[in-house]
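Here the structure comes first, spelled out in structure tokens, and everything after it is commentary.
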Amino acid sequence: MKDSIRTILCVMAGIFLMQLISALFFFFTLITSIASSTSSTVTVPQNAVLKIDMSKLNIVEKINADNPFSSVSGLGSGSVSATVAQFDVIRAIDAAAADPAIKCIYIRPEGASGITSIEEIRASLTEFRRSGKSIIAFMDNASTGDYYLSSVADKIYMNNSKGASAMIFGLSGRLIFLKDILDYVGVNMQLIRHGKYKSAGEMYIANKPSEANLEQTTVMIKSLWATVAEAVAESRGISIEKLNYLVDNLSLNNATDMLDNGLVDGLLSRDEMKQKLAEITVEDSFKNVKMISLDSYIEAKKTAWEVNGKTSKIAIIFADGQINEAQSGSRGNEIVGNDFAEIISKVRNDESITAVVLRVNSPGGSVLASDKIKQELNALCEAKPVVASYGGYAASGGYWISCGCRYIFSNKTTLTGSIGVFSMVPDLGKVINKAKVNIVPVNSNKHSDMLQGLRPLDNAETAYMQKSVEEIYDTFTSIVAEGRSKSTDYIDSIAQGRVWTGSDALEIGLVDGIGTLKDAVLMAGSLSGNSYNSFSEYNIVEYPKTVSGIEVLMELLQPTSTDKEIRAMIEEVSPILSKAYDQVSGCFKNTPATYALLPYYIDIL
């Protein structure tokens, strides 16, 4: 019996030892991969083709922290996508236009997503063509987004396989409503808002869109499509009417349809496409064609971007994500009021920074956090020229913080405006009753429990919340009126929570011009008195600073003392609850607040 127990213990010890060795091996492999990735260099071959394969790129607004697991997370999974920043993509295309080592650009558009991201990349590619170098695109299938990007090319080819399809149907958004299911489970969402178009909370209190919401969404979708259709029609030399006819009548079914209607220049097999690239680069065969991927080209150019002898700098501050008052505890996309205000203050006090670009890609969020940021931005605008650049979203709180900038650039497909305010208080009383749980509030005053979500708000409490919303709406419209040099009556007429596309926002005076992040940098440089002939000559510094992979790893291995203490206390009660705490801690740190928030995110490609 003793021998059996000894054998079992030996086996268990062996298993534990193997797991420990595996864990240590993984850790040291990780550290080695991080170290090697920071020291590796990429060489750009001469007479090279810059390949932009959208299926292998994850394009984000900004990389806030290097992923310490990026070098090993794809092992065995077949995942080979690279995460790159939108601004780096634009800089790389700009650099390629002047780089004698780059012969042309080859686009594989499948996987292109985010209409505003595509618009900016497409604008950069249009600039690239002006250098005299060519762009070639090749598609297996054609979706609306894929074709929108491809249409910028000098030549577009499509796979001649019988399975190649064209799925260009236009653009569509979706409005989701949850009232029926909330009624079913007994949740009553109490919405207090100002603005007939302010539909951020409408999904919780209705089962279909209001007339105002349907109106603004329809106008917005049509405006987005007009931008796409205009660009495609101009590039391909066809009328917008013809393009709409083809789309509305489902005339584009396969590759032959695309060729017959002048939307592509030829149908080729993959081998024939390779031979075409060999001809363009004047090589005997495709095996001699030198290709460099976009992410590799970015890595090759980063040293030149980051090491710049010029002492005067242009700072780009990325306001990317929802605006919150409290840190959620993750490195996801969010703008934390106090932290972001501190970054702005640091930029303001840095004498080497002569101008600033505020890059906004935010649907808004907390009014309190937005106003903290706005106050610090006002001080920055008094000290230095600040130019705003809008990404996919610059709405509600995102517009609140940026409307006072010296000049505002927007993409045509940016969603902006949404100048409105709402607050929402859930009533969970029916859910609690269904669960057979009895909760008896004990209050010191008449309304002490009004925000506990255990009962409906009474008339006085609703009026109290409405007064706060009205005051904040008046503040919002006043801030915009001052920033845009308009009357508050005019701003109110175009506000009411309505969402506008960038092209429509230009017409009503919410933005100053249509342009990309590159355009904003060039203007900021000009306003600072340090105008250069080339975009690449600017010494650009980005905020928030990117955290290194080593720092992220160390932070993961070193939880905060507060978290340690809380988890230890929960562990004493129940190990299962401690695991639950690990999953949900940080998710509910924000107290009830008033919001200036876009009613939805839209990804329509």
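Letters for chains follow the order of the structure tokens (A, B, ...), residue numbers begin at 1 for each chain, and ligand numbers begin at 1 in the order shown.
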task = Within 8 Å of Val187 in chain A, counting only C-alpha atoms, which residues show up once you throw out same-chain ones fewer than 4 positions away? Write them as a ChimeraX atom specification, please.
result = /A:182-183,426-431
request  = With a distance cut-off of 9 Å and only C-alpha atoms, select the neighbouring residues of Lys374 in chain A, excluding the residue or stretch itself and same-chain residues fewer than 5 positions from it, and output the selection as a list in words.
outcome  =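 My list of contacting residues is Ala341, Ala369, Ala379, Trp400, Ile401, Ser402 and Gly404 of chain A.
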Need the shell around Tyr390 in chain A: protein/DNA/RNA residues with any atom at most 9 Å away, counting only C-alpha atoms. Skip same-chain ones fewer than 5 positions apart. Format as a PDB file with C-alpha atoms, in the first residue's frame?
ATOM      1  CA  LEU A 358      -6.117  66.313 -31.280  1.00  0.00           C
ATOM      2  CA  ARG A 359      -7.170  63.087 -32.981  1.00  0.00           C
ATOM      3  CA  VAL A 360     -10.706  62.227 -31.888  1.00  0.00           C
ATOM      4  CA  ASN A 361     -12.192  58.791 -32.380  1.00  0.00           C
ATOM      5  CA  SER A 362     -14.820  58.774 -29.658  1.00  0.00           C
ATOM      6  CA  ILE A 408     -11.411  70.909 -37.344  1.00  0.00           C
ATOM      7  CA  PHE A 409     -10.751  68.346 -40.075  1.00  0.00           C
ATOM      8  CA  SER A 410     -13.278  65.558 -40.553  1.00  0.00           C
ATOM      9  CA  ASN A 411     -13.492  62.658 -42.928  1.00  0.00           C
ATOM     10  CA  THR A 414     -17.069  60.488 -39.786  1.00  0.00           C
ATOM     11  CA  LEU A 415     -20.113  60.433 -37.497  1.00  0.00           C
ATOM     12  CA  THR A 416     -20.159  63.648 -35.499  1.00  0.00           C
ATOM     13  CA  GLY A 502     -18.637  64.672 -41.778  1.00  0.00           C
ATOM     14  CA  GLY A 515      -9.233  66.029 -44.519  1.00  0.00           C
ATOM     15  CA  THR A 516      -7.192  63.279 -42.956  1.00  0.00           C
ATOM     16  CA  LEU A 517      -4.870  63.099 -39.978  1.00  0.00           C
TER      17      LEU A 517
END
ask   = Contacts of Asp99 in chain A at 10 Å or less, counting only C-alpha atoms, minus same-chain residues fewer than 6 places along, as a PyMOL selection string?
value = chain A and resi 44+46-47+92-93
Produce a file of the selected residues containing N, CA, C and O atoms, as an mmCIF file, in the first residue's frame.
data_model
loop_
_atom_site.group_PDB
_atom_site.id
_atom_site.type_symbol
_atom_site.label_atom_id
_atom_site.label_comp_id
_atom_site.auth_asym_id
_atom_site.auth_seq_id
_atom_site.Cartn_x
_atom_site.Cartn_y
_atom_site.Cartn_z
ATOM 1 N N VAL A 44 14.433 47.143 -46.480
ATOM 2 C CA VAL A 44 13.563 47.266 -47.651
ATOM 3 C C VAL A 44 14.377 46.936 -48.899
ATOM 4 O O VAL A 44 15.360 47.624 -49.196
ATOM 5 N N GLN A 46 15.459 46.683 -52.867
ATOM 6 C CA GLN A 46 15.325 47.600 -53.991
ATOM 7 C C GLN A 46 14.311 47.062 -55.011
ATOM 8 O O GLN A 46 14.141 45.865 -55.161
ATOM 9 N N ASN A 47 13.626 47.998 -55.682
ATOM 10 C CA ASN A 47 12.648 47.644 -56.722
ATOM 11 C C ASN A 47 11.553 46.733 -56.147
ATOM 12 O O ASN A 47 11.116 45.769 -56.763
ATOM 13 N N ALA A 92 3.316 55.351 -43.777
ATOM 14 C CA ALA A 92 4.039 54.391 -44.621
ATOM 15 C C ALA A 92 3.731 54.619 -46.097
ATOM 16 O O ALA A 92 4.633 54.573 -46.943
ATOM 17 N N ILE A 93 2.476 54.834 -46.412
ATOM 18 C CA ILE A 93 2.096 55.086 -47.812
ATOM 19 C C ILE A 93 2.728 56.378 -48.300
ATOM 20 O O ILE A 93 3.218 56.460 -49.439
#
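Shortest atom-to-atom contact with Lys313 in chain A among A:Glu537, A:Glu61, A:Asp180, A:Asp140: A:Glu537, counting only C-alpha atoms.
Interatomic distance, CA of Ile335 in chain A to CA of Gly392 in chain A: 15.6 Å.
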ask   = Could you work out how far CA of Lys196 in chain A lies from CA of Arg498 in chain A, giving the answer in Å with one decimal?
value =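 Taking CA of Arg498 in chain A and CA of Lys196 in chain A, their separation equals 7.9 Å.
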task = Work out how far apart CA of Gln216 in chain A and CA of Leu175 in chain A are and give it in Å to one decimal.
result =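 Going from CA of Gln216 in chain A over to CA of Leu175 in chain A covers 11.9 Å.
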task = Select from range 301-393 of chain A everything DSSP, run on the backbone, classes as helix (DSSP H, G or I), then give the selection as JSON, numbers by chain.
result = {"A": [301, 302, 303, 304, 305, 306, 337, 338, 339, 340, 341, 342, 343, 344, 345, 346, 347, 348, 349, 367, 368, 369, 370, 371, 372, 373, 374, 375, 376, 377, 378, 379, 380, 381, 382, 383]}
ask   = So which residues of range 28-219 of chain A fall under strand (DSSP E) by DSSP, listed as an MDAnalysis selection string?
value = chainID A and resid 48:53 57:60 82:85 102:108 134:139 142:143 155:159 166:167 188:194
Output file for the selection above: N, CA and C atoms, as a CSV table (one decimal), in the first residue's frame:
chain,number,residue,atom,x,y,z
A,48,ALA,N,11.1,47.1,-54.9
A,48,ALA,CA,10.2,46.2,-54.2
A,48,ALA,C,8.7,46.6,-54.5
A,49,VAL,N,7.8,45.6,-54.3
A,49,VAL,CA,6.4,45.9,-54.3
A,49,VAL,C,5.9,45.9,-52.9
A,50,LEU,N,5.2,47.0,-52.5
A,50,LEU,CA,4.7,47.2,-51.2
A,50,LEU,C,3.3,46.5,-51.2
A,51,LYS,N,3.1,45.4,-50.5
A,51,LYS,CA,1.9,44.7,-50.5
A,51,LYS,C,1.0,45.1,-49.3
A,52,ILE,N,-0.2,45.5,-49.6
A,52,ILE,CA,-1.2,45.8,-48.5
A,52,ILE,C,-2.3,44.7,-48.6
A,53,ASP,N,-2.1,43.8,-47.7
A,53,ASP,CA,-3.1,42.6,-47.6
A,53,ASP,C,-4.0,42.9,-46.4
A,57,LEU,N,-4.1,42.3,-41.8
A,57,LEU,CA,-3.8,43.5,-41.0
A,57,LEU,C,-5.0,43.8,-40.1
A,58,ASN,N,-4.7,44.1,-38.8
A,58,ASN,CA,-5.7,44.6,-37.9
A,58,ASN,C,-5.3,46.1,-37.7
A,59,ILE,N,-6.1,47.0,-38.3
A,59,ILE,CA,-5.8,48.4,-38.2
A,59,ILE,C,-6.6,49.1,-37.1
A,60,VAL,N,-5.9,49.7,-36.2
A,60,VAL,CA,-6.5,50.3,-35.0
A,60,VAL,C,-6.1,51.8,-35.0
A,82,ALA,N,-1.3,41.2,-38.3
A,82,ALA,CA,-0.4,42.2,-37.6
A,82,ALA,C,-1.3,43.4,-37.2
A,83,THR,N,-1.1,43.8,-36.0
A,83,THR,CA,-1.9,45.0,-35.6
A,83,THR,C,-1.0,46.3,-35.8
A,84,VAL,N,-1.6,47.2,-36.6
A,84,VAL,CA,-0.8,48.4,-37.0
A,84,VAL,C,-1.7,49.6,-36.7
A,85,ALA,N,-1.1,50.7,-36.4
A,85,ALA,CA,-1.9,52.0,-36.2
A,85,ALA,C,-2.3,52.6,-37.5
A,102,ILE,N,10.7,51.5,-53.5
A,102,ILE,CA,9.3,51.0,-53.7
A,102,ILE,C,8.9,51.3,-55.2
A,103,LYS,N,8.6,50.2,-55.9
A,103,LYS,CA,8.2,50.3,-57.3
A,103,LYS,C,6.7,50.6,-57.5
A,104,CYS,N,5.9,49.9,-56.7
A,104,CYS,CA,4.5,50.1,-56.8
A,104,CYS,C,3.8,49.5,-55.6
A,105,ILE,N,2.5,49.7,-55.5
A,105,ILE,CA,1.7,49.1,-54.4
A,105,ILE,C,0.8,48.1,-54.9
A,106,TYR,N,0.7,46.9,-54.2
A,106,TYR,CA,-0.2,45.8,-54.6
A,106,TYR,C,-1.2,45.6,-53.5
A,107,ILE,N,-2.5,45.8,-53.8
A,107,ILE,CA,-3.5,45.7,-52.8
A,107,ILE,C,-4.3,44.4,-52.9
A,108,ARG,N,-4.4,43.7,-51.8
A,108,ARG,CA,-5.4,42.6,-51.6
A,108,ARG,C,-6.4,43.1,-50.6
A,134,SER,N,2.5,53.3,-59.6
A,134,SER,CA,1.1,52.7,-59.9
A,134,SER,C,0.7,51.9,-58.7
A,135,ILE,N,-0.7,51.6,-58.7
A,135,ILE,CA,-1.3,50.8,-57.7
A,135,ILE,C,-2.1,49.7,-58.4
A,136,ILE,N,-1.9,48.5,-58.0
A,136,ILE,CA,-2.6,47.4,-58.6
A,136,ILE,C,-3.4,46.7,-57.5
A,137,ALA,N,-4.7,46.3,-57.8
A,137,ALA,CA,-5.5,45.6,-56.9
A,137,ALA,C,-6.0,44.3,-57.5
A,138,PHE,N,-6.1,43.3,-56.6
A,138,PHE,CA,-6.5,42.0,-57.1
A,138,PHE,C,-7.5,41.4,-56.0
A,139,MET,N,-8.7,41.0,-56.5
A,139,MET,CA,-9.7,40.5,-55.6
A,139,MET,C,-10.1,39.1,-56.0
A,142,ALA,N,-15.7,40.5,-54.3
A,142,ALA,CA,-15.8,41.9,-54.1
A,142,ALA,C,-17.0,42.3,-53.3
A,143,SER,N,-16.7,42.7,-52.0
A,143,SER,CA,-17.8,43.3,-51.2
A,143,SER,C,-17.7,44.8,-51.4
A,155,LYS,N,-5.2,49.9,-61.8
A,155,LYS,CA,-5.8,48.7,-62.5
A,155,LYS,C,-6.3,47.8,-61.4
A,156,ILE,N,-7.5,47.3,-61.7
A,156,ILE,CA,-8.2,46.3,-60.8
A,156,ILE,C,-8.4,45.0,-61.5
A,157,TYR,N,-7.9,43.9,-60.9
A,157,TYR,CA,-8.1,42.6,-61.5
A,157,TYR,C,-8.9,41.8,-60.5
A,158,MET,N,-9.6,40.8,-61.1
A,158,MET,CA,-10.4,39.9,-60.3
A,158,MET,C,-10.2,38.5,-60.7
A,159,ASN,N,-10.3,37.6,-59.7
A,159,ASN,CA,-10.0,36.2,-60.0
A,159,ASN,C,-11.0,35.7,-61.0
A,166,ALA,N,-19.4,38.9,-56.8
A,166,ALA,CA,-19.5,40.3,-56.5
A,166,ALA,C,-20.7,40.5,-55.6
A,167,MET,N,-20.4,41.1,-54.4
A,167,MET,CA,-21.5,41.3,-53.4
A,167,MET,C,-21.5,42.8,-53.0
A,188,ASN,N,-37.3,48.0,-16.0
A,188,ASN,CA,-37.9,49.3,-16.5
A,188,ASN,C,-36.8,50.3,-16.5
A,189,MET,N,-36.4,50.7,-17.8
A,189,MET,CA,-35.4,51.7,-17.9
A,189,MET,C,-36.0,53.1,-18.0
A,190,GLN,N,-35.6,53.9,-17.1
A,190,GLN,CA,-36.1,55.3,-17.0
A,190,GLN,C,-35.2,56.3,-17.7
A,191,LEU,N,-35.6,56.8,-18.8
A,191,LEU,CA,-34.7,57.6,-19.6
A,191,LEU,C,-35.1,59.1,-19.5
A,192,ILE,N,-34.1,59.9,-19.2
A,192,ILE,CA,-34.3,61.4,-19.1
A,192,ILE,C,-33.3,62.0,-20.1
A,193,ARG,N,-33.8,62.8,-21.0
A,193,ARG,CA,-32.9,63.3,-22.1
A,193,ARG,C,-33.4,64.6,-22.6
A,194,HIS,N,-32.5,65.3,-23.3
A,194,HIS,CA,-32.9,66.5,-24.1
A,194,HIS,C,-32.4,66.3,-25.5
Selection: 9 Å around range 251-253 of chain A, only C-alpha atoms, excl. self and same-chain fewer than 5 positions, as a CSV table (one decimal) with C-alpha atoms, in the first residue's frame:
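Everything below was put into part.csv:
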chain,number,residue,atom,x,y,z
A,165,SER,CA,-18.5,36.6,-56.6
A,166,ALA,CA,-19.5,40.3,-56.5
A,167,MET,CA,-21.5,41.3,-53.4
A,168,ILE,CA,-21.8,45.1,-53.8
A,169,PHE,CA,-25.2,45.9,-52.3
A,245,TYR,CA,-28.6,51.2,-61.2
A,246,LEU,CA,-26.2,48.3,-61.1
A,258,MET,CA,-17.8,43.3,-62.9
A,261,ASN,CA,-19.7,46.9,-66.5
task = Can you pull out every residue within 12 Å of Phe177 in chain A, counting only C-alpha atoms, but drop anything in the same chain fewer than 4 positions away, and send it as a list in words?
result = Ile181, Leu182, Asp183, Ser199, Ala200, Gly201, Glu202, Met203, Tyr204, Ile205, Ala206, Asn207, Lys208, Pro209, Ser210, Pro599 and Tyr600 of chain A
Quick one: everything within 9 Å of Phe340 in chain A, counting only C-alpha atoms, minus sequence neighbours fewer than 4 positions away in the same chain. Send it as a PDB file with N, CA, C and O atoms, in the first residue's frame.
ATOM      1  N   ALA A 319      -7.438  60.821 -28.709  1.00  0.00           N
ATOM      2  CA  ALA A 319      -8.612  60.634 -27.846  1.00  0.00           C
ATOM      3  C   ALA A 319      -9.423  59.497 -28.457  1.00  0.00           C
ATOM      4  O   ALA A 319     -10.329  59.713 -29.262  1.00  0.00           O
ATOM      5  N   ILE A 335     -11.060  56.696 -22.626  1.00  0.00           N
ATOM      6  CA  ILE A 335     -10.458  57.981 -22.288  1.00  0.00           C
ATOM      7  C   ILE A 335     -10.889  58.308 -20.865  1.00  0.00           C
ATOM      8  O   ILE A 335     -12.058  58.605 -20.618  1.00  0.00           O
ATOM      9  N   VAL A 336      -9.973  58.230 -19.936  1.00  0.00           N
ATOM     10  CA  VAL A 336     -10.278  58.472 -18.526  1.00  0.00           C
ATOM     11  C   VAL A 336     -10.045  59.951 -18.225  1.00  0.00           C
ATOM     12  O   VAL A 336      -8.959  60.473 -18.456  1.00  0.00           O
ATOM     13  N   ILE A 344      -2.809  66.119 -21.372  1.00  0.00           N
ATOM     14  CA  ILE A 344      -2.915  67.408 -22.063  1.00  0.00           C
ATOM     15  C   ILE A 344      -2.077  68.463 -21.348  1.00  0.00           C
ATOM     16  O   ILE A 344      -1.386  69.267 -21.979  1.00  0.00           O
ATOM     17  N   SER A 345      -2.125  68.452 -20.022  1.00  0.00           N
ATOM     18  CA  SER A 345      -1.325  69.400 -19.238  1.00  0.00           C
ATOM     19  C   SER A 345       0.168  69.207 -19.496  1.00  0.00           C
ATOM     20  O   SER A 345       0.915  70.178 -19.630  1.00  0.00           O
ATOM     21  N   LYS A 372     -13.848  67.928 -17.793  1.00  0.00           N
ATOM     22  CA  LYS A 372     -12.492  68.006 -17.251  1.00  0.00           C
ATOM     23  C   LYS A 372     -11.475  68.104 -18.391  1.00  0.00           C
ATOM     24  O   LYS A 372     -10.530  68.897 -18.344  1.00  0.00           O
ATOM     25  N   ILE A 373     -11.680  67.282 -19.399  1.00  0.00           N
ATOM     26  CA  ILE A 373     -10.784  67.286 -20.560  1.00  0.00           C
ATOM     27  C   ILE A 373     -10.904  68.603 -21.313  1.00  0.00           C
ATOM     28  O   ILE A 373      -9.906  69.198 -21.738  1.00  0.00           O
ATOM     29  N   PRO A 544      -1.499  59.173 -25.798  1.00  0.00           N
ATOM     30  CA  PRO A 544      -0.698  58.651 -24.690  1.00  0.00           C
ATOM     31  C   PRO A 544       0.488  57.820 -25.204  1.00  0.00           C
ATOM     32  O   PRO A 544       0.420  57.246 -26.297  1.00  0.00           O
TER      33      PRO A 544
END
